[in-house]
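Raw contents of structure.csv, CSV, C-alpha atoms:
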chain,number,residue,atom,x,y,z
R,6,MET,CA,0.0,0.0,0.0
R,7,ASP,CA,1.4,3.4,-1.0
R,8,GLN,CA,0.8,5.7,2.0
R,9,PRO,CA,1.3,9.5,2.0
R,10,GLN,CA,4.7,10.3,3.5
R,11,SER,CA,3.3,12.9,5.8
R,12,ALA,CA,4.3,13.4,9.4
R,13,ILE,CA,3.0,10.9,11.8
R,14,PRO,CA,0.3,12.3,14.1
R,15,ASP,CA,1.5,12.9,17.6
R,16,ASP,CA,-1.0,10.5,19.2
R,17,ALA,CA,-0.2,7.7,16.8
R,18,GLU,CA,3.5,7.8,17.5
R,19,ALA,CA,4.7,4.6,19.3
R,20,GLY,CA,1.1,3.8,20.3
R,21,GLY,CA,0.9,7.0,22.4
R,22,ASN,CA,3.9,5.9,24.5
R,23,PRO,CA,6.1,9.0,24.9
R,24,ASP,CA,9.1,6.9,25.9
R,25,LYS,CA,9.0,5.3,22.5
R,26,THR,CA,8.4,8.3,20.3
R,27,PRO,CA,11.1,8.5,17.6
R,28,ARG,CA,13.4,11.4,18.0
R,29,THR,CA,15.0,11.4,14.6
R,30,GLU,CA,13.7,11.5,11.0
R,31,ARG,CA,15.2,8.1,10.4
R,32,GLY,CA,13.2,6.8,13.4
R,33,ARG,CA,10.0,8.4,12.1
R,34,ARG,CA,10.6,6.7,8.7
R,35,THR,CA,11.0,3.3,10.4
R,36,LEU,CA,7.8,3.9,12.4
R,37,ARG,CA,5.9,4.8,9.2
R,38,LYS,CA,7.2,1.6,7.5
R,39,LEU,CA,6.0,-0.5,10.4
R,40,LEU,CA,2.6,1.2,10.4
R,41,ASP,CA,2.2,0.9,6.6
R,42,ALA,CA,3.2,-2.8,6.8
R,43,ALA,CA,0.8,-3.4,9.6
R,44,ALA,CA,-2.0,-1.9,7.5
R,45,ILE,CA,-1.3,-4.5,4.8
R,46,GLU,CA,-0.9,-7.4,7.3
R,47,PHE,CA,-4.0,-6.6,9.3
R,48,GLY,CA,-6.0,-5.7,6.2
R,49,GLU,CA,-5.1,-9.0,4.5
R,50,ARG,CA,-5.1,-11.4,7.4
R,51,GLY,CA,-7.1,-9.8,10.2
R,52,PHE,CA,-5.9,-9.1,13.7
R,53,HIS,CA,-5.8,-12.6,15.1
R,54,GLU,CA,-3.9,-14.2,12.1
R,55,ALA,CA,-1.5,-11.3,11.7
R,56,SER,CA,1.9,-11.6,13.4
R,57,ILE,CA,4.6,-9.2,14.5
R,58,SER,CA,7.2,-11.1,12.4
R,59,ALA,CA,5.1,-10.8,9.3
R,60,ILE,CA,4.8,-7.0,9.9
R,61,THR,CA,8.5,-6.6,10.2
R,62,ARG,CA,9.1,-8.7,7.1
R,63,ARG,CA,6.7,-6.5,5.1
R,64,ALA,CA,8.4,-3.4,6.5
R,65,GLY,CA,11.9,-4.7,5.7
R,66,THR,CA,13.0,-4.0,9.3
R,67,ALA,CA,14.6,-6.1,12.0
R,68,LEU,CA,12.3,-7.7,14.6
R,69,GLY,CA,14.1,-5.7,17.2
R,70,SER,CA,13.0,-2.5,15.5
R,71,PHE,CA,9.4,-3.4,16.2
R,72,TYR,CA,10.0,-3.4,20.0
R,73,THR,CA,11.8,-0.1,19.8
R,74,TYR,CA,8.3,1.4,19.1
R,75,PHE,CA,5.7,-1.1,20.3
R,76,ASP,CA,5.4,-3.6,23.1
R,77,SER,CA,2.8,-5.8,21.4
R,78,LYS,CA,0.6,-6.6,18.4
R,79,GLU,CA,-2.3,-4.9,20.3
R,80,GLU,CA,-0.3,-1.7,20.7
R,81,ILE,CA,0.6,-1.4,17.0
R,82,PHE,CA,-3.0,-2.1,16.1
R,83,GLN,CA,-4.2,0.7,18.3
R,84,ALA,CA,-1.6,3.1,16.8
R,85,LEU,CA,-2.6,1.9,13.3
R,86,VAL,CA,-6.3,2.8,13.9
R,87,ARG,CA,-5.3,6.3,14.9
R,88,TYR,CA,-2.7,6.5,12.0
R,89,MET,CA,-5.3,5.6,9.4
R,90,SER,CA,-7.9,7.9,10.9
R,91,GLU,CA,-5.5,10.8,10.8
R,92,GLN,CA,-4.4,10.0,7.2
R,93,LEU,CA,-8.1,10.1,6.1
R,94,ARG,CA,-8.5,13.4,7.9
R,95,ASP,CA,-5.4,14.8,6.2
R,96,HIS,CA,-6.6,13.6,2.8
R,97,VAL,CA,-10.1,15.0,3.1
R,98,THR,CA,-9.7,18.2,5.1
R,99,PRO,CA,-7.7,20.4,2.7
R,100,LEU,CA,-10.2,19.6,-0.1
R,101,VAL,CA,-13.3,20.4,1.9
R,102,GLN,CA,-11.7,23.6,3.3
R,103,ALA,CA,-11.3,24.8,-0.3
R,104,ALA,CA,-15.0,24.2,-1.1
R,105,PRO,CA,-17.1,27.2,-2.1
R,106,ASP,CA,-19.9,26.6,0.5
R,107,ALA,CA,-21.2,24.1,3.1
R,108,ILE,CA,-23.2,22.0,0.6
R,109,GLY,CA,-20.2,21.8,-1.8
R,110,ALA,CA,-18.0,20.8,1.1
R,111,GLU,CA,-20.1,17.7,1.8
R,112,ARG,CA,-20.0,16.7,-1.8
R,113,ILE,CA,-16.2,17.1,-2.0
R,114,GLY,CA,-15.8,15.4,1.3
R,115,LEU,CA,-17.7,12.3,0.1
R,116,GLU,CA,-15.9,12.3,-3.2
R,117,SER,CA,-12.5,12.4,-1.6
R,118,TYR,CA,-13.5,9.8,1.0
R,119,LEU,CA,-14.6,7.4,-1.8
R,120,GLY,CA,-11.3,7.9,-3.5
R,121,PHE,CA,-9.4,7.3,-0.3
R,122,VAL,CA,-11.3,4.0,0.3
R,123,ARG,CA,-10.5,2.7,-3.2
R,124,GLU,CA,-6.8,3.3,-2.6
R,125,HIS,CA,-6.9,2.0,1.0
R,126,LYS,CA,-9.6,-0.8,1.1
R,127,GLU,CA,-8.0,-2.3,4.2
R,128,ILE,CA,-9.3,0.6,6.3
R,129,TYR,CA,-12.8,-1.0,6.6
R,130,ARG,CA,-11.5,-4.3,7.9
R,131,ILE,CA,-9.1,-2.6,10.3
R,132,ILE,CA,-11.8,-0.2,11.7
R,133,ASP,CA,-14.4,-3.0,11.9
R,134,GLU,CA,-12.0,-5.3,13.8
R,135,ALA,CA,-11.2,-2.4,16.2
R,136,GLU,CA,-14.7,-2.8,17.6
R,137,PHE,CA,-13.6,-6.1,19.1
R,138,VAL,CA,-9.8,-5.6,19.5
R,139,ASP,CA,-9.8,-2.0,20.9
R,140,TYR,CA,-13.2,-0.6,21.4
R,141,ASP,CA,-11.9,2.8,22.5
R,142,SER,CA,-10.0,3.3,19.3
R,143,TYR,CA,-13.1,2.2,17.3
R,144,ARG,CA,-15.4,4.6,19.0
R,145,ARG,CA,-12.8,7.4,18.9
R,146,HIS,CA,-12.4,7.0,15.1
R,147,TYR,CA,-16.1,7.6,14.5
R,148,GLU,CA,-16.6,10.3,17.1
R,149,THR,CA,-13.7,12.4,15.8
R,150,THR,CA,-14.9,11.9,12.2
R,151,VAL,CA,-18.4,13.1,13.1
R,152,ALA,CA,-17.0,16.0,15.1
R,153,ARG,CA,-15.3,17.2,11.9
R,154,VAL,CA,-18.6,16.9,10.0
R,155,ARG,CA,-20.5,18.7,12.7
R,156,GLN,CA,-17.9,21.5,12.7
R,157,ARG,CA,-18.3,21.9,9.0
R,158,LEU,CA,-22.0,22.0,9.2
R,159,GLU,CA,-22.1,24.5,12.0
R,160,GLY,CA,-19.6,26.7,10.3
R,161,GLY,CA,-21.9,26.7,7.2
R,162,ALA,CA,-24.9,27.5,9.3
R,163,ALA,CA,-23.0,30.4,10.9
R,164,ARG,CA,-22.2,31.8,7.4
R,165,GLY,CA,-25.9,31.5,6.5
R,166,GLU,CA,-25.3,28.8,3.8
R,167,ILE,CA,-27.4,26.1,5.3
R,168,ARG,CA,-30.2,25.8,7.9
R,169,ALA,CA,-29.5,27.2,11.3
R,170,ASP,CA,-30.5,24.2,13.4
R,171,VAL,CA,-27.8,21.7,12.2
R,172,GLY,CA,-26.1,19.7,14.9
R,173,GLU,CA,-25.1,16.3,16.1
R,174,ILE,CA,-27.9,14.3,14.6
R,175,HIS,CA,-27.3,15.8,11.1
R,176,ALA,CA,-23.6,15.1,11.4
R,177,TRP,CA,-24.1,11.5,12.4
R,178,ALA,CA,-26.6,11.0,9.6
R,179,ILE,CA,-24.1,12.3,7.0
R,180,ALA,CA,-21.2,10.3,8.4
R,181,GLY,CA,-23.3,7.1,8.4
R,182,MET,CA,-24.3,7.7,4.8
R,183,ASN,CA,-20.7,8.2,3.8
R,184,VAL,CA,-19.6,5.0,5.6
R,185,PHE,CA,-22.1,2.9,3.7
R,186,LEU,CA,-21.5,4.6,0.4
R,187,GLY,CA,-17.8,3.9,1.0
R,188,MET,CA,-18.6,0.2,1.5
R,189,ARG,CA,-20.8,0.0,-1.6
R,190,TYR,CA,-18.8,2.2,-4.0
R,191,GLY,CA,-15.3,2.0,-2.5
R,192,LEU,CA,-15.0,-1.7,-1.6
R,193,TRP,CA,-17.6,-3.5,-3.7
R,194,ASP,CA,-17.8,-1.4,-6.8
R,195,THR,CA,-14.7,0.4,-8.1
R,196,ASP,CA,-16.0,1.1,-11.6
R,197,SER,CA,-18.8,3.6,-10.9
R,198,GLU,CA,-18.0,7.2,-11.4
R,199,ILE,CA,-17.1,8.7,-8.0
R,200,SER,CA,-18.1,12.2,-8.9
R,201,GLU,CA,-21.6,11.1,-10.0
R,202,ILE,CA,-22.1,9.1,-6.7
R,203,ALA,CA,-21.1,12.2,-4.7
R,204,ARG,CA,-23.4,14.4,-6.8
R,205,THR,CA,-26.4,12.2,-6.2
R,206,ALA,CA,-25.7,11.9,-2.5
R,207,ASN,CA,-25.1,15.6,-2.2
R,208,ASP,CA,-28.4,16.3,-3.9
R,209,PHE,CA,-30.0,14.1,-1.3
R,210,VAL,CA,-28.3,16.1,1.5
R,211,ALA,CA,-29.3,19.4,0.0
R,212,ASN,CA,-32.9,18.6,-0.9
R,213,GLY,CA,-33.9,15.4,1.0
R,214,LEU,CA,-36.8,13.1,-0.2
R,215,LYS,CA,-39.4,15.8,-0.6
R,216,LYS,CA,-41.3,15.5,-3.9
R,217,ARG,CA,-40.4,18.0,-6.5
R,218,ASP,CA,-42.9,19.8,-8.7
Is it possible to give me this structure as structure tokens?
Amino acid sequence: MDQPQSAIPDDAEAGGNPDKTPRTERGRRTLRKLLDAAAIEFGERGFHEASISAITRRAGTALGSFYTYFDSKEEIFQALVRYMSEQLRDHVTPLVQAAPDAIGAERIGLESYLGFVREHKEIYRIIDEAEFVDYDSYRRHYETTVARVRQRLEGGAARGEIRADVGEIHAWAIAGMNVFLGMRYGLWDTDSEISEIARTANDFVANGLKKRD
């Protein structure tokens, strides 16, 4: 999997263990290699069948390098959930921030999300397994995702671009729609035109199911 070579989010470094946070660029590169390799390993084999030795082989690093940054398979999995969640955020956020208005931001957000899923299909298996492997990471992923949607919506409301009463329920509804559209058109169908899917969903967000004259 080709992952963006951006900086590792602070809370993903060494599983959140400050004593194992890399201090050099070389160390950060090694940590990225381990996380990228873990994404492939967990994505292909699942948490229970994945192994630390397989992760280090995929990363092209020594087994000892793993323990420089992580104490266990559980710890790298927790860090991986945060890492992938942050990568998704970093992929989508600059695009929606450049949108002309709040409705357009949701269309662009979905379009960029679908593109990300097609490039990183393993994210669904990893996040789904997190529900059973590390529930706190699973819940945090969705709560932080929805918080960003809510912030966008409330910003649009403050600018007078959308209805004034948007809030948490609207944000969860949009996020839930995006998750299932990502499953349908990111994992199962990679041939449909992403821009058309996003346009149709965005029309639904803007206009609902009300009958048109």
Have a look at CA of Pro105 (chain R) and CA of Trp177 (chain R) and let me know their distance in Å, one decimal.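 Interatomic distance, CA of Pro105 (chain R) to CA of Trp177 (chain R): 22.5 Å.
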Spatial neighbours of Arg153 (chain R), max dist 12 Å, all atoms listed in the file, sep filter under 6 positions, as a short mmCIF file (atom, residue, chain, number, x, y, z; two decimals) with C-alpha atoms, keeping the file's coordinate frame:
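Output below, filename part_23.cif:
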data_model
loop_
_atom_site.label_atom_id
_atom_site.label_comp_id
_atom_site.auth_asym_id
_atom_site.auth_seq_id
_atom_site.Cartn_x
_atom_site.Cartn_y
_atom_site.Cartn_z
CA SER R 90 -7.90 7.90 10.90
CA GLU R 91 -5.50 10.80 10.80
CA LEU R 93 -8.10 10.10 6.10
CA ARG R 94 -8.50 13.40 7.90
CA ASP R 95 -5.40 14.80 6.20
CA VAL R 97 -10.10 15.00 3.10
CA THR R 98 -9.70 18.20 5.10
CA VAL R 101 -13.30 20.40 1.90
CA GLN R 102 -11.70 23.60 3.30
CA ALA R 110 -18.00 20.80 1.10
CA GLU R 111 -20.10 17.70 1.80
CA GLY R 114 -15.80 15.40 1.30
CA HIS R 146 -12.40 7.00 15.10
CA TYR R 147 -16.10 7.60 14.50
CA GLU R 159 -22.10 24.50 12.00
CA GLY R 160 -19.60 26.70 10.30
CA GLY R 172 -26.10 19.70 14.90
CA GLU R 173 -25.10 16.30 16.10
CA ALA R 176 -23.60 15.10 11.40
CA TRP R 177 -24.10 11.50 12.40
CA ILE R 179 -24.10 12.30 7.00
CA ALA R 180 -21.20 10.30 8.40
#
CA of Phe82 (chain R) and CA of Thr66 (chain R), how far apart in Å?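 The value is 17.5 Å.
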Give me the residues within 8 Å of region 200-212 of chain R as a PyMOL selection string, counting only C-alpha atoms and dropping any in the same chain fewer than 3 places off. chain R and resi 108-109+111-113+115-116+179+197+215
Using C-alpha atoms, can you write the selected residues to a file as a compact mmCIF listing (two decimals), in the coordinates of the input?
# COMPACT_ATOMS: atom_id res chain seq x y z
CA ILE R 108 -23.20 22.00 0.60
CA GLY R 109 -20.20 21.80 -1.80
CA GLU R 111 -20.10 17.70 1.80
CA ARG R 112 -20.00 16.70 -1.80
CA ILE R 113 -16.20 17.10 -2.00
CA LEU R 115 -17.70 12.30 0.10
CA GLU R 116 -15.90 12.30 -3.20
CA ILE R 179 -24.10 12.30 7.00
CA SER R 197 -18.80 3.60 -10.90
CA LYS R 215 -39.40 15.80 -0.60
Give me the residues near Gly48 (chain R) as a ChimeraX atom specification, where near means some atom within 12 Å (using all atoms listed in the file) and where sequence neighbours in that chain fewer than 3 positions away do not count. /R:6,40-45,51-55,60,82,85-86,89,125-135
As an exercise, work out the distance from CA of Val138 (chain R) to CA of Gln83 (chain R) in Å and give it to one decimal place.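 Computing the Euclidean distance for CA of Val138 (chain R) and CA of Gln83 (chain R) yields 8.5 Å.
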Would you kindly identify which residues have an atom no farther than 7 Å from (-12.7, 3.5, -5.2), using all atoms listed in the file and the file's own coordinates, and write them out as a ChimeraX atom specification? /R:119-120,122-124,190-192,195
Can you list, as a ChimeraX atom specification, every protein, DNA or RNA residue that comes within 12 Å of Lys38 (chain R) when you count all atoms listed in the file, leaving out same-chain residues fewer than 3 positions away? /R:6-10,13,31-35,41-45,60-67,70-71,74,81,85,88
For Arg164 (chain R), please output as a list in words all residues within 10 Å (counting all atoms listed in the file; exclusion window: fewer than 6 positions along the same chain).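 Listed by chain and then number, they are Asp106, Ala107 and Leu158 of chain R.
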Restricting the calculation to all atoms listed in the file, which member of R:Arg28, R:Lys78, R:His175, R:Arg87 is positioned closest to Tyr143 (chain R)? R:Arg87
Nearest residue to Ser56 (chain R) out of R:Glu79, R:Asp194, R:Phe185, R:Thr73, using all atoms listed in the file?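 The answer is R:Glu79, which sits nearest to Ser56 (chain R).
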Residue nearest Ser77 (chain R) - candidates R:Asn183, R:Ser58, R:Gln92, R:Thr149, atoms counted: only C-alpha atoms: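 With only C-alpha atoms as the atom set, the closest residue is R:Ser58.
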